[in-house]
Every structure is written in structure tokens, then in C-alpha cells.
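**Student:** Below you'll find target.cif; it's mmCIF, C-alpha atoms and all ligand atoms.
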data_upload
loop_
_atom_site.label_atom_id
_atom_site.label_comp_id
_atom_site.auth_asym_id
_atom_site.auth_seq_id
_atom_site.Cartn_x
_atom_site.Cartn_y
_atom_site.Cartn_z
CA MET X 1 -40.41 64.27 -67.54
CA ARG X 2 -41.48 60.71 -68.40
CA ARG X 3 -37.85 59.53 -68.58
CA PHE X 4 -37.24 61.12 -65.17
CA ALA X 5 -40.11 59.10 -63.62
CA LEU X 6 -38.80 55.92 -65.21
CA LEU X 7 -35.38 56.44 -63.68
CA PHE X 8 -36.94 56.48 -60.25
CA LEU X 9 -39.20 53.58 -60.97
CA ILE X 10 -36.48 51.08 -61.99
CA PRO X 11 -34.55 51.07 -58.68
CA TRP X 12 -37.85 50.85 -56.79
CA VAL X 13 -38.97 47.77 -58.73
CA LEU X 14 -35.56 46.13 -58.27
CA SER X 15 -35.44 46.80 -54.56
CA SER X 16 -38.99 45.57 -53.98
CA CYS X 17 -38.09 42.29 -55.71
CA ALA X 18 -34.92 41.85 -53.73
CA SER X 19 -36.61 42.40 -50.38
CA ARG X 20 -39.27 39.74 -50.97
CA PRO X 21 -38.62 37.05 -48.35
CA ILE X 22 -37.57 33.73 -49.86
CA ASP X 23 -39.88 31.65 -47.69
CA ASN X 24 -42.87 33.92 -48.09
CA PRO X 25 -45.85 31.64 -47.24
CA LEU X 26 -47.59 32.56 -50.49
CA THR X 27 -44.59 31.41 -52.49
CA ALA X 28 -44.51 28.10 -50.59
CA GLU X 29 -48.23 27.57 -51.27
CA ASP X 30 -47.67 28.31 -54.97
CA ASP X 31 -44.91 25.71 -54.99
CA TRP X 32 -47.15 23.01 -53.43
CA LEU X 33 -49.85 23.91 -55.93
CA SER X 34 -47.54 23.58 -58.90
CA GLN X 35 -46.26 20.22 -57.59
CA ARG X 36 -49.89 19.11 -57.27
CA GLU X 37 -50.69 20.25 -60.83
CA GLN X 38 -47.73 18.23 -62.12
CA MET X 39 -48.89 15.22 -60.11
CA VAL X 40 -52.33 15.41 -61.74
CA GLU X 41 -50.89 15.78 -65.25
CA ARG X 42 -48.02 13.30 -65.14
CA GLN X 43 -49.26 10.61 -62.77
CA LEU X 44 -53.03 10.67 -63.30
CA GLU X 45 -54.05 12.18 -66.68
CA ALA X 46 -51.06 10.54 -68.38
CA ARG X 47 -52.33 7.17 -67.13
CA ASP X 48 -56.01 6.27 -67.11
CA ILE X 49 -57.65 8.71 -64.71
CA ARG X 50 -60.25 10.32 -66.95
CA THR X 51 -63.11 11.35 -64.64
CA SER X 52 -62.88 15.13 -64.46
CA ARG X 53 -64.46 15.36 -60.99
CA VAL X 54 -61.85 12.93 -59.63
CA LEU X 55 -59.01 14.89 -61.27
CA GLU X 56 -60.38 18.13 -59.78
CA ALA X 57 -60.57 16.61 -56.30
CA MET X 58 -56.98 15.34 -56.58
CA TRP X 59 -55.94 18.81 -57.69
CA LYS X 60 -57.77 20.46 -54.80
CA VAL X 61 -56.88 18.36 -51.71
CA PRO X 62 -53.57 19.53 -50.13
CA ARG X 63 -51.96 16.06 -49.87
CA HIS X 64 -48.84 17.40 -48.11
CA LEU X 65 -50.91 18.52 -45.11
CA PHE X 66 -51.93 14.90 -44.41
CA MET X 67 -48.30 13.91 -43.83
CA PRO X 68 -45.89 14.32 -40.94
CA ALA X 69 -43.73 17.44 -41.55
CA GLU X 70 -40.51 15.42 -42.01
CA VAL X 71 -41.81 13.55 -45.09
CA ARG X 72 -43.89 16.35 -46.60
CA HIS X 73 -41.42 16.97 -49.41
CA TYR X 74 -42.29 13.49 -50.78
CA ALA X 75 -46.01 14.38 -50.87
CA TYR X 76 -46.39 14.68 -54.64
CA GLY X 77 -44.03 11.89 -55.71
CA ASP X 78 -45.30 8.84 -57.58
CA SER X 79 -45.10 6.48 -54.58
CA PRO X 80 -46.58 5.67 -51.17
CA VAL X 81 -45.13 7.61 -48.20
CA PRO X 82 -44.72 6.44 -44.57
CA ILE X 83 -47.06 8.19 -42.12
CA GLY X 84 -45.82 6.52 -38.89
CA GLU X 85 -46.88 3.33 -37.03
CA LYS X 86 -45.50 1.31 -40.01
CA GLN X 87 -48.37 2.54 -42.19
CA THR X 88 -48.34 4.41 -45.50
CA ILE X 89 -50.43 6.91 -47.42
CA SER X 90 -51.12 5.30 -50.81
CA GLN X 91 -49.50 6.53 -54.02
CA PRO X 92 -51.60 9.36 -55.59
CA TYR X 93 -52.44 7.20 -58.62
CA ILE X 94 -53.87 4.41 -56.45
CA VAL X 95 -56.03 6.89 -54.49
CA ALA X 96 -57.32 8.34 -57.77
CA LEU X 97 -57.87 4.90 -59.29
CA MET X 98 -59.83 3.61 -56.30
CA THR X 99 -61.90 6.80 -56.30
CA GLN X 100 -62.60 6.61 -60.03
CA THR X 101 -63.47 2.92 -59.73
CA VAL X 102 -66.32 3.54 -57.27
CA ASP X 103 -67.81 6.22 -59.58
CA PRO X 104 -68.65 8.71 -56.77
CA GLN X 105 -71.87 10.76 -57.15
CA PRO X 106 -72.73 13.92 -55.15
CA HIS X 107 -75.68 12.43 -53.22
CA GLN X 108 -73.79 9.28 -52.10
CA ARG X 109 -72.43 8.12 -48.74
CA ALA X 110 -69.28 6.08 -48.26
CA LEU X 111 -67.56 3.91 -45.70
CA GLU X 112 -63.77 3.68 -45.69
CA ILE X 113 -61.85 1.06 -43.70
CA GLY X 114 -58.28 2.23 -42.99
CA THR X 115 -58.35 6.01 -42.46
CA GLY X 116 -54.54 6.23 -42.18
CA SER X 117 -53.71 9.88 -42.82
CA GLY X 118 -57.28 10.83 -43.79
CA TYR X 119 -56.23 11.75 -47.34
CA GLN X 120 -58.40 9.24 -49.21
CA ALA X 121 -61.34 10.27 -47.01
CA ALA X 122 -60.77 13.93 -47.96
CA VAL X 123 -60.66 13.13 -51.68
CA LEU X 124 -63.97 11.27 -51.36
CA ALA X 125 -65.43 14.06 -49.22
CA GLU X 126 -64.86 16.49 -52.11
CA LEU X 127 -67.07 14.32 -54.31
CA ILE X 128 -69.91 12.90 -52.21
CA ARG X 129 -72.27 13.81 -49.38
CA GLU X 130 -70.81 11.97 -46.38
CA VAL X 131 -67.80 9.83 -45.55
CA PHE X 132 -67.54 7.49 -42.55
CA THR X 133 -64.05 6.18 -41.93
CA ILE X 134 -62.58 3.73 -39.41
CA GLU X 135 -58.94 3.44 -38.30
CA ILE X 136 -57.66 0.71 -36.00
CA ILE X 137 -54.54 2.59 -34.78
CA SER X 138 -55.72 5.21 -32.33
CA SER X 139 -52.86 7.74 -32.84
CA LEU X 140 -53.42 7.74 -36.64
CA GLY X 141 -57.21 7.99 -36.32
CA LYS X 142 -56.95 10.95 -33.95
CA ARG X 143 -54.42 12.74 -36.12
CA ALA X 144 -56.55 12.19 -39.23
CA ARG X 145 -59.63 13.54 -37.41
CA TRP X 146 -57.70 16.64 -36.42
CA THR X 147 -56.32 17.21 -39.94
CA LEU X 148 -59.75 16.81 -41.54
CA GLU X 149 -61.31 19.20 -39.01
CA GLU X 150 -58.55 21.80 -39.52
CA LEU X 151 -59.14 21.67 -43.28
CA GLY X 152 -62.89 22.08 -42.82
CA TYR X 153 -64.06 18.63 -43.95
CA ASP X 154 -67.24 18.61 -41.88
CA ASN X 155 -68.78 15.78 -43.94
CA VAL X 156 -66.26 13.20 -42.67
CA GLU X 157 -66.66 11.23 -39.46
CA VAL X 158 -63.64 9.33 -38.11
CA ARG X 159 -64.01 6.41 -35.73
CA VAL X 160 -61.15 4.61 -33.97
CA GLY X 161 -61.67 0.84 -33.94
CA ASP X 162 -61.60 -2.35 -35.98
CA GLY X 163 -63.38 -1.84 -39.30
CA TYR X 164 -64.17 -5.54 -39.69
CA GLN X 165 -67.76 -5.07 -38.47
CA GLY X 166 -68.31 -1.95 -40.59
CA TRP X 167 -70.55 0.85 -39.29
CA SER X 168 -74.00 -0.72 -39.00
CA GLU X 169 -75.77 2.41 -37.62
CA GLU X 170 -75.01 4.28 -40.86
CA ALA X 171 -75.43 1.37 -43.33
CA PRO X 172 -76.17 0.78 -46.15
CA PHE X 173 -73.39 2.53 -48.07
CA ASP X 174 -73.24 3.33 -51.80
CA ILE X 175 -69.46 3.07 -51.64
CA ILE X 176 -67.17 0.99 -49.45
CA LEU X 177 -63.40 1.43 -49.78
CA VAL X 178 -61.06 -0.86 -47.90
CA THR X 179 -57.54 0.52 -48.03
CA ALA X 180 -55.80 -2.41 -46.30
CA ALA X 181 -55.34 -5.89 -47.77
CA ALA X 182 -56.74 -9.24 -46.66
CA ASP X 183 -57.35 -12.63 -48.26
CA GLN X 184 -61.14 -12.19 -48.03
CA VAL X 185 -63.72 -9.40 -47.83
CA PRO X 186 -65.21 -9.08 -44.32
CA GLN X 187 -68.77 -10.46 -44.56
CA PRO X 188 -70.32 -7.57 -42.52
CA LEU X 189 -69.02 -5.11 -45.15
CA ILE X 190 -70.70 -7.01 -47.97
CA GLU X 191 -73.93 -6.90 -45.99
CA GLN X 192 -73.62 -3.12 -45.55
CA LEU X 193 -73.31 -2.47 -49.31
CA ALA X 194 -76.40 -0.79 -50.80
CA GLU X 195 -78.16 -2.14 -53.90
CA GLY X 196 -76.15 -0.85 -56.88
CA GLY X 197 -73.28 -0.02 -54.52
CA ARG X 198 -69.58 -0.73 -55.09
CA LEU X 199 -66.99 -2.07 -52.67
CA VAL X 200 -63.32 -1.86 -53.63
CA MET X 201 -60.63 -3.76 -51.74
CA PRO X 202 -57.16 -5.25 -52.31
CA ILE X 203 -57.52 -9.03 -51.90
CA GLY X 204 -54.53 -11.31 -51.53
CA PRO X 205 -51.57 -12.31 -49.37
CA VAL X 206 -49.89 -9.92 -46.97
CA GLY X 207 -46.63 -8.64 -48.46
CA GLY X 208 -47.45 -10.19 -51.84
CA ILE X 209 -49.31 -9.11 -54.92
CA GLN X 210 -52.96 -8.43 -54.22
CA ALA X 211 -55.84 -8.04 -56.65
CA LEU X 212 -57.67 -4.74 -56.40
CA THR X 213 -61.22 -6.08 -56.66
CA ILE X 214 -64.64 -4.46 -57.13
CA LEU X 215 -67.70 -6.09 -55.62
CA THR X 216 -70.97 -4.75 -57.03
CA ARG X 217 -74.40 -5.57 -55.65
CA VAL X 218 -76.82 -6.01 -58.56
CA GLU X 219 -80.34 -7.21 -57.75
CA GLY X 220 -79.06 -8.77 -54.55
CA GLU X 221 -76.24 -10.66 -56.32
CA ILE X 222 -72.56 -9.86 -55.68
CA ILE X 223 -70.47 -9.55 -58.85
CA ARG X 224 -66.65 -9.48 -58.58
CA THR X 225 -64.34 -7.73 -61.07
CA HIS X 226 -60.55 -7.53 -61.04
CA VAL X 227 -59.15 -4.00 -61.56
CA THR X 228 -55.37 -4.30 -61.29
CA ASP X 229 -52.60 -5.75 -59.13
CA VAL X 230 -51.57 -3.72 -56.08
CA ARG X 231 -49.61 -3.91 -52.85
CA PHE X 232 -51.24 -2.60 -49.67
CA VAL X 233 -50.41 -2.82 -45.97
CA PRO X 234 -52.33 -5.64 -44.24
CA MET X 235 -55.73 -5.39 -42.64
CA THR X 236 -55.31 -6.33 -38.97
CA GLY X 237 -57.71 -7.14 -36.12
CA GLU X 238 -60.58 -9.59 -36.33
CA ILE X 239 -59.98 -10.58 -39.97
CA LEU X 240 -56.78 -12.38 -38.93
CA LYS X 241 -58.80 -14.74 -36.73
CA ARG X 242 -61.08 -15.84 -39.56
N1 LIG X 301 -56.45 5.41 -46.72
C1 LIG X 301 -55.24 5.80 -46.03
C2 LIG X 301 -54.10 4.85 -46.18
C3 LIG X 301 -54.40 3.50 -45.67
S1 LIG X 301 -53.07 2.58 -45.02
C4 LIG X 301 -54.81 7.19 -46.42
O1 LIG X 301 -55.42 7.82 -47.29
O2 LIG X 301 -53.84 7.68 -45.84
C5 LIG X 301 -54.08 1.34 -44.27
C6 LIG X 301 -54.64 1.72 -42.95
O3 LIG X 301 -55.55 0.70 -42.56
C7 LIG X 301 -53.59 1.80 -41.84
O4 LIG X 301 -53.63 3.04 -41.23
C8 LIG X 301 -53.99 0.67 -40.89
O5 LIG X 301 -53.74 0.96 -39.54
C9 LIG X 301 -55.49 0.57 -41.15
N2 LIG X 301 -56.13 -0.70 -40.77
C10 LIG X 301 -55.61 -1.96 -40.85
N3 LIG X 301 -56.51 -2.87 -40.41
C11 LIG X 301 -57.62 -2.16 -40.04
C12 LIG X 301 -58.89 -2.54 -39.49
N4 LIG X 301 -59.18 -3.82 -39.21
N5 LIG X 301 -59.79 -1.57 -39.25
C13 LIG X 301 -59.50 -0.27 -39.51
N6 LIG X 301 -58.32 0.14 -40.01
C14 LIG X 301 -57.38 -0.78 -40.28
#
Using C-alpha cells, write down the structure that the file contains.
**Tutor:**
Amino acid sequence: MRRFALLFLIPWVLSSCASRPIDNPLTAEDDWLSQREQMVERQLEARDIRTSRVLEAMWKVPRHLFMPAEVRHYAYGDSPVPIGEKQTISQPYIVALMTQTVDPQPHQRALEIGTGSGYQAAVLAELIREVFTIEIISSLGKRARWTLEELGYDNVEVRVGDGYQGWSEEAPFDIILVTAAADQVPQPLIEQLAEGGRLVMPIGPVGGIQALTILTRVEGEIIRTHVTDVRFVPMTGEILKR
């Protein structure tokens, strides 16, 4: 009797496997997830990303959904990816490094200059209370706002405009991330940094090697520390007139 049941069961199992659609959405999601797990292991943990909260956020945020469909398959590679308008989404390691460098705490509020795709803002939003982000290119800012809303990031506010002047109504900020390079830090941003706060920005020539730099405000004094050399797209707008 048992052998009889088994004989029926085998063809049923085989046929149910065969009829499973190849592009079943669940399978595709599993594939993105496994690519993301590999990204965290090979590009972040294998280097110097040690903060477990940062690793968890990088594991959680669906990076591919912040990219135009035609480049999505590059989402979890170890490099920056074009997002249109001659701009790029930073390499995963650089996003993680900048995030780890500002030591995000749950009660904190951050300002980001250079929303781009909205990905860095989402990673921060996983870790802190509120994120304010400014993008100078209107089409990118609007797309990022839409992506963040679709994914339920209701603690991120996106503004389209020049980030040079910061966001004075919401200042001071515990964290300021500038994700575009310039040869100097905009003075209004330094003024909007809270006591004990950290500002991270690539400083150096456009198209050349820039120094990822941390500015910390300690008892009113600004202390600068060099993190590593990087290459970012340029900050545009008012900074170019200074
Ligand atoms: N953080 C982004 C990537 C940044 S790329 C992400 O996670 O996808 C740098 C972005 O800075 C570009 O989108 C560029 O348009 C923007 N940018 C350049 N100058 C700016 C300025 N003055 N104010 C605001 N955004 C600026």
C-alpha cells in the first residue's frame, strides 16, 4: 500500500517542479537577495565595514530598485552605476563606508547633499530618525522621491534645489553627508552641523583624486580627518562661483 502511494507521489512531485514558471517573481526576489548577501560578504565584511547595524541596512535596502531598469543587473557589482543625467549611484562599499564613518545613531537627524537615486538616503533612513536630502537635478530628485515613497521610507524628505545653502529650517544636523565633490566645504553646511556632529564630504579636484574628509564639531571647533581617497561626480551650482 505504501509503495503504491509512493508511485503516485513521484510523478506528481516531478510535474509540479517542471511547471514552476522560470521567472516566478519569488524566484527573482530570492536571486536579488542572494546577490545582496554576496555583496555584503565580499565587498563590505571582507573589507573594513564592521558596524553590524550598517551591514544590516546594506543587506536590507533593495539597491536594484533605485536604478533604471536597463542597468539593474549591475546593482550588486563592486562599482558605481550610471543613473542618468551623467550621474552615478556610488559603489556599495563607498555608501557603506560613508555611513559607517558618520556613526549613525537611532535618535539622529541627517542632511544629505546629492540625493541622486535616493539609495544613500534609504540606507541612512534605516539607521536614524530623519533624513533630509537635496538634489539639484529635478528629474533625479523627483524619481528618488517617488522610489523612496514606494518603498515606504516616510522618514526621508527630498527637496529639489542647490544644496549649497543646506536646509536651515531643519538645522542643526547630527550628520551631514555630501555625495558630490568640491574643492571646499560649503560654509553654510559647516554652520548647520550640530555640536558633536560629523560631516563627510569628498574634497578635491573635479575628475581627479579627492580626499574623503570628516569634519567634526567638538566644543565649537572644527576638526578635519582624512578617511581615504575617492572619486565622486562634481558638486555643481553656487559652489562653482566661490
Ligand atoms: N547619493 C547618491 C549618489 C550621488 S551622485 C545616491 O545614493 O544615489 C551626486 C549627486 O549630487 C548627483 O545626483 C548630482 O546631481 C548631485 N548634486 C551635484 N551638485 C549638487 C548641489 N549643489 N546640490 C544638490 N545636489 C547636487
**Student:** Might you pull out every residue within 8 Å of region 108-119 of chain X, with only C-alpha atoms counted and same-chain residues fewer than 5 positions away left off, and present them as a ChimeraX atom specification?
**Tutor:** /X:61,63,66-67,83,87-89,128-136,140-141,143-145,147-148,158,163,166-167,173-180
**Student:** May I ask which of the residues X:Glu221, X:Pro82, X:Gly237, X:Gly207 is the closest one to Glu70 (chain X), counting only C-alpha atoms?
**Tutor:**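 Closest residue, counting only C-alpha atoms: X:Pro82.
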**Student:** Hey, can you check how far CA of Tyr76 (chain X) sits from CA of Val160 (chain X)?
**Tutor:**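 Distance between the two atoms: 27.3 Å.
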**Student:** List as an MDAnalysis selection string the protein and nucleic acid residues near Met58 (chain X), meaning an atom at most 8 Å away when all atoms listed in the file are counted, but skip any in the same chain fewer than 5 places from it.
**Tutor:** chainID X and resid 40 96 123
**Student:** Export, as a PDB file, in the frame of the given file, the selected residues with C-alpha atoms.
**Tutor:**
ATOM      1  CA  VAL X  40     -52.330  15.410 -61.740  1.00  0.00           C
ATOM      2  CA  ALA X  96     -57.320   8.340 -57.770  1.00  0.00           C
ATOM      3  CA  VAL X 123     -60.660  13.130 -51.680  1.00  0.00           C
TER       4      VAL X 123
END
**Student:** Mind pulling up the distance from CA of Pro62 (chain X) to CA of Asp30 (chain X)?
**Tutor:** 11.6 Å
**Student:** Tell me, as a ChimeraX atom specification, which residues lie within 12 Å of Leu240 (chain X), counting only C-alpha atoms; anything in the same chain fewer than 2 positions away does not count.
**Tutor:** /X:162,164,181-186,205-206,234-238,242
**Student:** May I ask which of the residues X:Ile190, X:Leu33, X:Val54, X:Ile222 is the closest one to Pro92 (chain X), counting only C-alpha atoms?
**Tutor:**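 Under the stated criterion, the closest residue is X:Val54.
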**Student:** Between X:Leu65, X:Ala28, X:Val95, X:Val230, single out the one closest to Leu212 (chain X), counting only C-alpha atoms.
**Tutor:**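 When distances to Leu212 (chain X) are compared using only C-alpha atoms, the smallest one comes from X:Val230.
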**Student:** Between CA of Arg198 (chain X) and CA of Ala171 (chain X), what is the spacing in Å?
**Tutor:**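 We find that CA of Ala171 (chain X) and CA of Arg198 (chain X) lie 13.3 Å from each other.
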**Student:** Which of these residues is nearest to ligand LIG 301 (chain X), using all atoms listed in the file: X:Val81, X:Val156, X:Ala194, X:Val102?
**Tutor:** X:Val81
**Student:** Which is closest to ligand LIG 301 (chain X) among X:Gln38, X:Ser138, X:Ser52, X:Ser79, if we use all atoms listed in the file?
**Tutor:**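 Going through X:Gln38, X:Ser138, X:Ser52, X:Ser79 one by one, the smallest distance to ligand LIG 301 (chain X) is for X:Ser138.
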**Student:** Tell me which of X:Glu195, X:Glu56, X:Glu85, X:Glu37 sits closest to ligand LIG 301 (chain X), counting all atoms listed in the file.
**Tutor:**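 Nearest candidate to ligand LIG 301 (chain X) out of X:Glu195, X:Glu56, X:Glu85, X:Glu37: X:Glu85.
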**Student:** Within 12 Å of Arg53 (chain X), counting all atoms listed in the file, which residues show up once you throw out same-chain ones fewer than 5 positions away? Write them as a PyMOL selection string, please.
**Tutor:** chain X and resi 58-60+96+99-100+103-106+123-128
**Student:** Using all atoms listed in the file, which residues sit within 9 Å of Ile214 (chain X) once same-chain residues fewer than 5 positions away are excluded, as a list in words?
**Tutor:** Thr101, Val102, Arg198, Leu199, Val200, Met201, Pro202, Ile223, Arg224, Thr225, His226 and Val227 of chain X
**Student:** For region 157-171 of chain X of the structure just presented, write C-alpha atoms to a file, as a short mmCIF file (atom, residue, chain, number, x, y, z; two decimals), in the first residue's frame.
**Tutor:**
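Generated output (decode-v3.cif):
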data_model
loop_
_atom_site.label_atom_id
_atom_site.label_comp_id
_atom_site.auth_asym_id
_atom_site.auth_seq_id
_atom_site.Cartn_x
_atom_site.Cartn_y
_atom_site.Cartn_z
CA GLU X 157 12.23 64.30 2.80
CA VAL X 158 13.55 65.12 -0.69
CA ARG X 159 13.98 68.69 -1.87
CA VAL X 160 14.93 69.75 -5.41
CA GLY X 161 17.43 72.61 -5.40
CA ASP X 162 21.05 73.61 -4.81
CA GLY X 163 22.32 72.08 -1.57
CA TYR X 164 24.99 74.76 -1.10
CA GLN X 165 22.86 76.66 1.44
CA GLY X 166 21.87 73.49 3.30
CA TRP X 167 18.41 73.25 4.90
CA SER X 168 18.37 75.98 7.56
CA GLU X 169 14.76 75.36 8.75
CA GLU X 170 15.74 71.85 9.90
CA ALA X 171 19.28 72.61 11.17
#
